[in-house]
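For reference, the structure discussed in these notes is given below.
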Amino acid sequence: MSIDRQLAYAALFGGARAPAPPATRVAIVTCMDSRIDPPVVFGLDPGDANIIRNAGGVIDDGVLRSLTISQHLLGTTGVLIVQHTGCGVLGLDDDALEARLVDHAGEAPAWRGRGFPELEASVREAVRAVRSYPFLLHTDNVRGAILDLESGGAVEVTVED
């Protein structure tokens, strides 16, 4: 269990080594997939970037809230949205998931699974959603990419306004 690893880390911890505002002034939105280690994938050190993760790396209210706080309170000016090959949300049937949850809990959740049929289109939609969000200070440096979990490489997705 990871709590044991955390306790071992805490025993050696010498305090935060980096200031809270990210050194690169970038927030990265990506998937919660355990195969993605953002500091390794993007060559980051602690304190370099805000990392925001959820299932699919989709833009939802929680992500927009985090990006707004990241920009207004922590000084980030750029956003990188990264989705990936082999994602569990790719092709997810929201209605089937909802039916499963209703069977399990007797009611539907307030949220949707946010499945998407195609990676590039999903990344483009995510970039456009962030660029058009009125509470953000900086929407001119929002980029999207697809991470290939087979090769480890990423390809930028071009998004026209």
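Residues are referred to by chain and number: the chain letter is A, B, ... according to the order shown in the structure tokens, the number counts from 1 in that chain, and ligands are numbered separately from 1 in the order shown.
Excluding Asp95 (chain A) itself and any same-chain residue fewer than 5 positions from it, the protein and nucleic acid residues within 12 Å of it, counting only C-alpha atoms, are A:Arg100, A:Leu101, A:Val102, A:Ala108, A:Pro109, A:Trp111, A:Arg112, A:Gly113, A:Arg114, A:Gly115.
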Exercise. Please report, as a PyMOL selection string, each residue of region 55-156 of chain A to which DSSP assigns helix (DSSP H, G or I) when run on this structure's backbone.
Key: chain A and resi 55-57+61-74+94-105+119-131
With a cut-off of 6 Å, could you pull out the residues of region 45-82 of chain A touching region 142-156 of chain A and give me the nearest pair of atoms for each, distance in Å to one decimal, using only C-alpha atoms, ordered by chain and ascending number, as a tab-separated table?
```
residue	atom	partner	partner_atom	distance
A:Gly78	CA	A:Val142	CA	5.9
A:Val79	CA	A:Val142	CA	4.7
A:Leu80	CA	A:Arg143	CA	5.0
A:Ile81	CA	A:Gly144	CA	4.6
A:Val82	CA	A:Ala145	CA	4.9
```
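When CA of Val40 (chain A) is paired with CA of Ser122 (chain A), their separation reads 23.8 Å.
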Need to verify the contact set: Cys87 (chain A), 8 Å, only C-alpha atoms, exclusion of same-chain residues closer than 4 positions in sequence. Can you return it as a short mmCIF file (atom, residue, chain, number, x, y, z; two decimals) with C-alpha atoms, in the first residue's frame?
```
data_model
loop_
_atom_site.label_atom_id
_atom_site.label_comp_id
_atom_site.auth_asym_id
_atom_site.auth_seq_id
_atom_site.Cartn_x
_atom_site.Cartn_y
_atom_site.Cartn_z
CA ASP A 33 -3.66 6.99 -15.34
CA GLY A 56 -9.19 11.32 -19.06
CA GLN A 83 -4.38 13.16 -23.03
#
```
Exercise. Give me every strand (DSSP E) residue in chain A, going by DSSP on the backbone, as a ChimeraX atom specification.
Key: /A:26-31,49-54,78-84,142-147,154-157
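Take the candidates A:Thr30, A:Ser132, A:Thr85, A:Thr77 and check each one against Val63 (chain A) using only C-alpha atoms; the shortest distance goes to A:Thr30.
With only C-alpha atoms as the basis for measurement, A:Ile69 is the residue among A:Ala96, A:Ile36, A:Ile52, A:Ile69 that approaches Pro21 (chain A) most closely.
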